[in-house]
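Visitor: One structure, as structure tokens, below. Some questions next.
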Amino acid sequence: MAAEANNAKPTFLSPPQEGEKPIVSLRGITKRFPGVIALDHIDLDIYPGTVHALLGENGAGKSTLVKVLYGIYTPDEGEIIINGRPTRLTSPADAINTGIVMVSQSPQIIDTLTVAENIILGLEKYNHLVPVTKVYKIIREESKRVGIKIEPSIEVWRLSYTQKQLVEILRAILLGAKVLLLDEAITYLPIEEKQRFYKFIRQFADEGGTVVLITHKIYEAMDVADKITVLRRGKVAGHLDRKEATIEKIRALMFGERSAEITYERLPTAQPEPKTVLEVKDLWVMGDFGGYAVQGVSLEVKKGEVLGIAGVAGNGQKELIQAIMRLRPIIKGRIIYNGEDITRKTTYYLRINGVGYIPDLPAKYGVSIENSIIENIAVLPVYSRGIINWDKVKELALKLIKEYEIKTPSPDTPVKFLSGGNIMKVLVARELTVATNLLVAYNPTRALDEATAIKVRKVIKEKVLKNKVSAIIASEDLDEIFQISDRIAVMNSGKIVGVFPADKAKREEIEHLMVM
Amino acid sequence: MPGSIASFIIGVSSIFLAYYLAAVGHGLMEKSGVLNLAIDGVFTLGVAVAFAISVYTFSVPLAIFIAMIVAALFGLMLAFITTKLPISHGAAGLSTMFLGYGLAALVGLPARQLQINGRSLATIQPSLGGTWIWFYVVAFAVAVGVWCLVEKTKIGAAIRAAGENPASAEALGVNVLAVRLFASGVGYALIGIGAALFELAYTQVWSQGAGMGYGWIAFAISLSAGRHPILILISAMIFAVLDKYRFLIAAIYNLPPDVGKMLPFVAAIAAMIIFMVTPLRRKLAPPKSLGKIYFREERSV
């Protein structure tokens, strides 16, 4: 199709502005990993004063491209031209020196260090023996100017996700960033924070800065970008001006023929049976840093229905899900699964009794990235009690790879060689296979692109409808909640503040309850 | 009895400083994320080098200096190969340890032959002219210096960042290789000085295998104090006393001598448990990426 760029002669590049030269140009950038061509002759021009979005589905090569731009990977072929000069970036320090700074989806700042220590590491003007307290003043002044409040002496592990991202942005500014690489940096922020970031991005670009926004969310690109480049399977699928861009056009470039599958219509409503599969009674659970994160939650899930838990990040959903999976101590209350009180049971018990679990941050908590897909399947107690039948597991792995279109050279490849989205697919595929009775999930499609996310939701719902599996799914994505749920419970400040049948629920009302 | 207290303080001063420097050097290196399993081999080599140079040149400063340089070179080599290449820290460290044992024999035996034939060995006597006072002064000065360096300066933050998460540290602008070379070079220089003092100020004799096992004790001293330069003062002192007086202690409590030999290690386990059950746990936690292979050109999540 037309969108498939021919790498021999680039189809079209962004038209140069009058007299303006690109601040960063990429010519024929190619990067290979064992068994995968992550980037295949990429050409790209980025102009100063613009917000340039890089869109693509999972595994399209967005993250790899950004890492090349930031000197984390050195390209196997091709040239990076910065301010008209061919430049070799061999480390992030090189990139920072040329004014390129990255903020990524998972905060790179280090938990055990203070905010100031994290920031000073990149500041060239300070020599190695300078006391860290030297930067306190600058941090306080600059954070005030940007309109955020950050105490330089605080250790980073005490900060929330949003605060960490704020520190990252502040750091980028203090490093004198001319080109800001935002690698899904705002994708997972709560709506309000996102709006503030959009404003900041606009202001930064208006003052002459350049922003490269890497995202798999089309809306995000449409909201702030001036120019959009779509990547597909390691190649440039097309460049668009914001003015000419429509969601349909972008989807066609991103997904090709799969774009027709994208729909936000509600999936068919289930007809649950009267039997209760999961019952939570007056549950109290502690958060990470003291205080109750879950405060007297009661809910139930019937056989063959999806209960969606809506809420802004950090309102106790994570702790609730972990408590249900018996991964977090229960202070008070009871959990009953299939008529059995599991308050004192272990995760192992749930796992051998038909419970699938999709945690947040899959690369950290869901799979072991050093191991292969086969091993990541075999590790579940359902397969590894006694002697593992490797042939059977391999067969299953191959089946799942095909079914879920997991991009991997082989089922024996360590999972860390896959892209973030594909790692998520490995996890979802595995868990849906073991969830013969109940699926417990937190942001199950967060790292996935639209087409894959919708496919995953369909697969989950199909399983619920066909096999009468129950599901409890907490998500910060309200579209997801509405699309997949049969009932919606809203969680706010550790409490359930309302439960609605999904077909009758009003979006405004739920949004209101979420932030109330 | 003030006299016996003084002789006690003087008596442990040399082994205390030797242990302290080796342990603090080890801790500094590991803070940067390089697992140091070569310590015993290089310590043994440092002991042999100091002995040999002292026999050949009869110069204590030169002996300490050369031992320091030789050890530092090993530190640089370890940091380089484990950071630049995807090589297991454990394999690199243990291989280097055996290399150290072998080289120690190679370096020490000819000098020992000379000594048997009548050449004498230059040593330091802690009790002479208040030298022992300087031993304590140096230990405390190094403690404060290393603590300030690690906890208060930019390079200290860089060392800790490289040990916690080298990939993130690199993204934050740290040159992980340079930082690890620095921490390991300085760390091993301190280990080398410690080894030289062990030979020249403490045992003052040499036979094949001298110093073997003492590197591991320095390892345990550092570990049991959570690699913290100030706390290592305490654990180094405890181990110094146990080493110097273990047979006396065994005799007083009527324990078999083999139990006496075990005392330092029992103390190490006890110290680690004490630290880990108190709130010190978070402060003294090992670097998260200690010993993990860090290879930049690899796809990572």
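In the structure tokens, the first chain shown is A, the next is B, and so on; residue numbers restart at 1 for each chain, and ligands run from 1 in the order shown.
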What are the residues of chain A that have an atom within 7 Å of an atom of chain B, counting only C-alpha atoms, as a list in words?

Guide: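 Per the criterion, chain A yields Tyr73, Pro92, Ala93, Gln108, Ile109, Ile110, Glu117, Ile120, Leu121, Gly122, His128, Leu129, Val130, Pro131, Val132, Ala363, Lys416, Phe417 and Gly420 of chain A.
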
Visitor: For the residues in the current selection, export C-alpha atoms as a short mmCIF file (atom, residue, chain, number, x, y, z; two decimals), in the first residue's frame.

Guide:
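Written output follows (out27.cif):
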data_model
loop_
_atom_site.label_atom_id
_atom_site.label_comp_id
_atom_site.auth_asym_id
_atom_site.auth_seq_id
_atom_site.Cartn_x
_atom_site.Cartn_y
_atom_site.Cartn_z
CA TYR A 73 22.05 3.18 20.72
CA PRO A 92 23.40 10.50 26.32
CA ALA A 93 26.10 12.87 27.56
CA GLN A 108 14.93 7.53 34.48
CA ILE A 109 15.75 9.39 37.66
CA ILE A 110 17.14 7.14 40.35
CA GLU A 117 21.62 14.61 42.96
CA ILE A 120 23.38 17.62 38.96
CA LEU A 121 24.58 14.44 37.24
CA GLY A 122 23.87 15.94 33.84
CA HIS A 128 32.99 16.36 39.97
CA LEU A 129 33.84 17.49 43.48
CA VAL A 130 31.18 20.18 43.73
CA PRO A 131 28.85 19.68 46.70
CA VAL A 132 25.36 18.76 45.57
CA ALA A 363 8.24 -5.74 32.17
CA LYS A 416 13.99 -8.25 26.77
CA PHE A 417 14.72 -8.20 23.05
CA GLY A 420 7.43 -2.91 25.19
#

Visitor: Can you list, as number ranges by chain, every residue of segment 2-115 of chain A that DSSP puts in alpha helix (DSSP H)?

Guide: A: 62-69, 92-97, 115

Visitor: Would you write out those residues with N, CA and C atoms, as a PDB file, in the first residue's frame?

Guide:
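Once everything was written out, this is again_22.pdb:
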ATOM      1  N   LYS A  62       9.574   3.282  17.360  1.00  0.00           N
ATOM      2  CA  LYS A  62       9.606   4.630  17.963  1.00  0.00           C
ATOM      3  C   LYS A  62      10.669   4.742  19.048  1.00  0.00           C
ATOM      4  N   SER A  63      10.610   3.833  20.006  1.00  0.00           N
ATOM      5  CA  SER A  63      11.534   3.920  21.134  1.00  0.00           C
ATOM      6  C   SER A  63      12.976   3.758  20.678  1.00  0.00           C
ATOM      7  N   THR A  64      13.203   2.862  19.733  1.00  0.00           N
ATOM      8  CA  THR A  64      14.561   2.655  19.233  1.00  0.00           C
ATOM      9  C   THR A  64      15.072   3.931  18.573  1.00  0.00           C
ATOM     10  N   LEU A  65      14.211   4.569  17.792  1.00  0.00           N
ATOM     11  CA  LEU A  65      14.604   5.793  17.101  1.00  0.00           C
ATOM     12  C   LEU A  65      14.997   6.877  18.101  1.00  0.00           C
ATOM     13  N   VAL A  66      14.194   6.997  19.150  1.00  0.00           N
ATOM     14  CA  VAL A  66      14.486   8.008  20.153  1.00  0.00           C
ATOM     15  C   VAL A  66      15.803   7.701  20.857  1.00  0.00           C
ATOM     16  N   LYS A  67      16.037   6.417  21.112  1.00  0.00           N
ATOM     17  CA  LYS A  67      17.282   6.053  21.788  1.00  0.00           C
ATOM     18  C   LYS A  67      18.488   6.322  20.890  1.00  0.00           C
ATOM     19  N   VAL A  68      18.304   6.206  19.595  1.00  0.00           N
ATOM     20  CA  VAL A  68      19.381   6.573  18.666  1.00  0.00           C
ATOM     21  C   VAL A  68      19.634   8.086  18.762  1.00  0.00           C
ATOM     22  N   LEU A  69      18.541   8.845  18.795  1.00  0.00           N
ATOM     23  CA  LEU A  69      18.662  10.306  18.877  1.00  0.00           C
ATOM     24  C   LEU A  69      19.300  10.747  20.195  1.00  0.00           C
ATOM     25  N   PRO A  92      24.317   9.416  25.988  1.00  0.00           N
ATOM     26  CA  PRO A  92      23.398  10.500  26.320  1.00  0.00           C
ATOM     27  C   PRO A  92      24.142  11.790  26.661  1.00  0.00           C
ATOM     28  N   ALA A  93      25.338  11.658  27.243  1.00  0.00           N
ATOM     29  CA  ALA A  93      26.098  12.867  27.561  1.00  0.00           C
ATOM     30  C   ALA A  93      26.396  13.655  26.286  1.00  0.00           C
ATOM     31  N   ASP A  94      26.733  12.940  25.199  1.00  0.00           N
ATOM     32  CA  ASP A  94      26.943  13.600  23.901  1.00  0.00           C
ATOM     33  C   ASP A  94      25.686  14.339  23.464  1.00  0.00           C
ATOM     34  N   ALA A  95      24.558  13.638  23.576  1.00  0.00           N
ATOM     35  CA  ALA A  95      23.294  14.219  23.133  1.00  0.00           C
ATOM     36  C   ALA A  95      22.976  15.467  23.949  1.00  0.00           C
ATOM     37  N   ILE A  96      23.162  15.363  25.257  1.00  0.00           N
ATOM     38  CA  ILE A  96      22.875  16.495  26.135  1.00  0.00           C
ATOM     39  C   ILE A  96      23.747  17.693  25.741  1.00  0.00           C
ATOM     40  N   ASN A  97      25.003  17.414  25.389  1.00  0.00           N
ATOM     41  CA  ASN A  97      25.896  18.484  24.959  1.00  0.00           C
ATOM     42  C   ASN A  97      25.404  19.217  23.721  1.00  0.00           C
ATOM     43  N   VAL A 115      16.467  14.546  44.535  1.00  0.00           N
ATOM     44  CA  VAL A 115      16.134  15.275  43.313  1.00  0.00           C
ATOM     45  C   VAL A 115      17.364  16.030  42.806  1.00  0.00           C
TER      46      VAL A 115
END

Visitor: I'd like the neighbourhood of Leu106 of chain B as a VMD selection string, where a residue qualifies if any of its atoms comes within 10 Å (using only C-alpha atoms), though same-chain residues fewer than 5 positions away should be ignored.

Guide: chain B and resid 45 48 to 49 100 to 101 111 208

Visitor: Figure out the distance between atom CA of Asp223 of chain A and atom CA of Glu184 of chain A, please, to one decimal in Å.

Guide: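 It comes out at 14.1 Å.
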
Visitor: If we count only C-alpha atoms and set the cut-off at 10 Å, which residues sit around segment 146-162 of chain A, ignoring sequence neighbours fewer than 3 positions away in its own chain? Please answer as a PyMOL selection string.

Guide: chain A and resi 105-107+109-119+132-133+135-143+165-170+173+185-186+188-190+193-194+196+200+288-289+313-314

Visitor: Please list as a ChimeraX atom specification every residue within 9 Å of Phe58 of chain B, counting only C-alpha atoms and excluding residues in the same chain fewer than 2 positions away.

Guide: /B:53-56,60,62-63,120-123

Visitor: When you count only C-alpha atoms, which of these residues is closest to Thr98 of chain A: A:Pro411, A:Gly176, A:Gly78, A:Gly366?

Guide: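 For Thr98 of chain A, the nearest of the given residues is A:Gly176.
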
Visitor: I need the residue nearest Val176 of chain B from this list: B:Ser32, B:Ser7, B:Thr96, B:Ser13. Use only C-alpha atoms for the distance.

Guide: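 Of all the options, B:Ser32 lies closest to Val176 of chain B.
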
Visitor: For the atom pair atom CA of Thr203 of chain B and atom CA of Ala92 of chain B, what is the interatomic distance in Å to one decimal place?

Guide: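 Separation between atom CA of Thr203 of chain B and atom CA of Ala92 of chain B: 29.5 Å.
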
Visitor: Please provide the set of residues having any atom within 9 Å of Ala79 of chain B, restricted to only C-alpha atoms, with same-chain residues fewer than 2 positions apart removed, written as a VMD selection string.

Guide: chain B and resid 29 34 74 to 77 81 to 84 177 180 to 185

Visitor: Generate a file of the selected residues that holds C-alpha atoms, formatted as a compact mmCIF listing (two decimals), in the first residue's frame.

Guide:
# COMPACT_ATOMS: atom_id res chain seq x y z
CA MET B 29 34.16 0.02 44.22
CA VAL B 34 31.06 -3.66 40.17
CA PHE B 74 43.63 -4.67 38.74
CA GLY B 75 40.74 -2.49 39.83
CA LEU B 76 40.80 -0.62 36.52
CA MET B 77 40.94 -3.87 34.59
CA ILE B 81 35.95 -5.58 31.34
CA THR B 82 32.75 -5.84 33.36
CA THR B 83 31.38 -2.51 32.12
CA LYS B 84 32.54 -2.46 28.54
CA LEU B 177 32.53 3.49 32.49
CA ARG B 180 33.37 2.82 37.57
CA LEU B 181 37.00 3.12 36.52
CA PHE B 182 37.40 5.91 39.06
CA ALA B 183 35.66 4.09 41.91
CA SER B 184 37.42 0.80 41.19
CA GLY B 185 40.82 2.41 40.64

Visitor: Pull the strand (DSSP E or B) assignments for segment 103-143 of chain A out of DSSP run on the backbone, and list those residues as a PDB file with N, CA and C atoms, in the first residue's frame.

Guide:
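What ended up in result_1.pdb:
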ATOM      1  N   VAL A 103      13.022  12.650  27.973  1.00  0.00           N
ATOM      2  CA  VAL A 103      12.216  12.283  29.136  1.00  0.00           C
ATOM      3  C   VAL A 103      11.419  11.059  28.702  1.00  0.00           C
ATOM      4  N   SER A 104      11.558   9.949  29.437  1.00  0.00           N
ATOM      5  CA  SER A 104      10.922   8.728  28.943  1.00  0.00           C
ATOM      6  C   SER A 104       9.707   8.358  29.764  1.00  0.00           C
ATOM      7  N   THR A 114      18.645  11.894  45.721  1.00  0.00           N
ATOM      8  CA  THR A 114      17.737  13.019  45.908  1.00  0.00           C
ATOM      9  C   THR A 114      17.467  13.666  44.550  1.00  0.00           C
ATOM     10  N   PRO A 131      29.906  20.204  45.828  1.00  0.00           N
ATOM     11  CA  PRO A 131      28.852  19.680  46.702  1.00  0.00           C
ATOM     12  C   PRO A 131      27.489  19.798  46.028  1.00  0.00           C
TER      13      PRO A 131
END
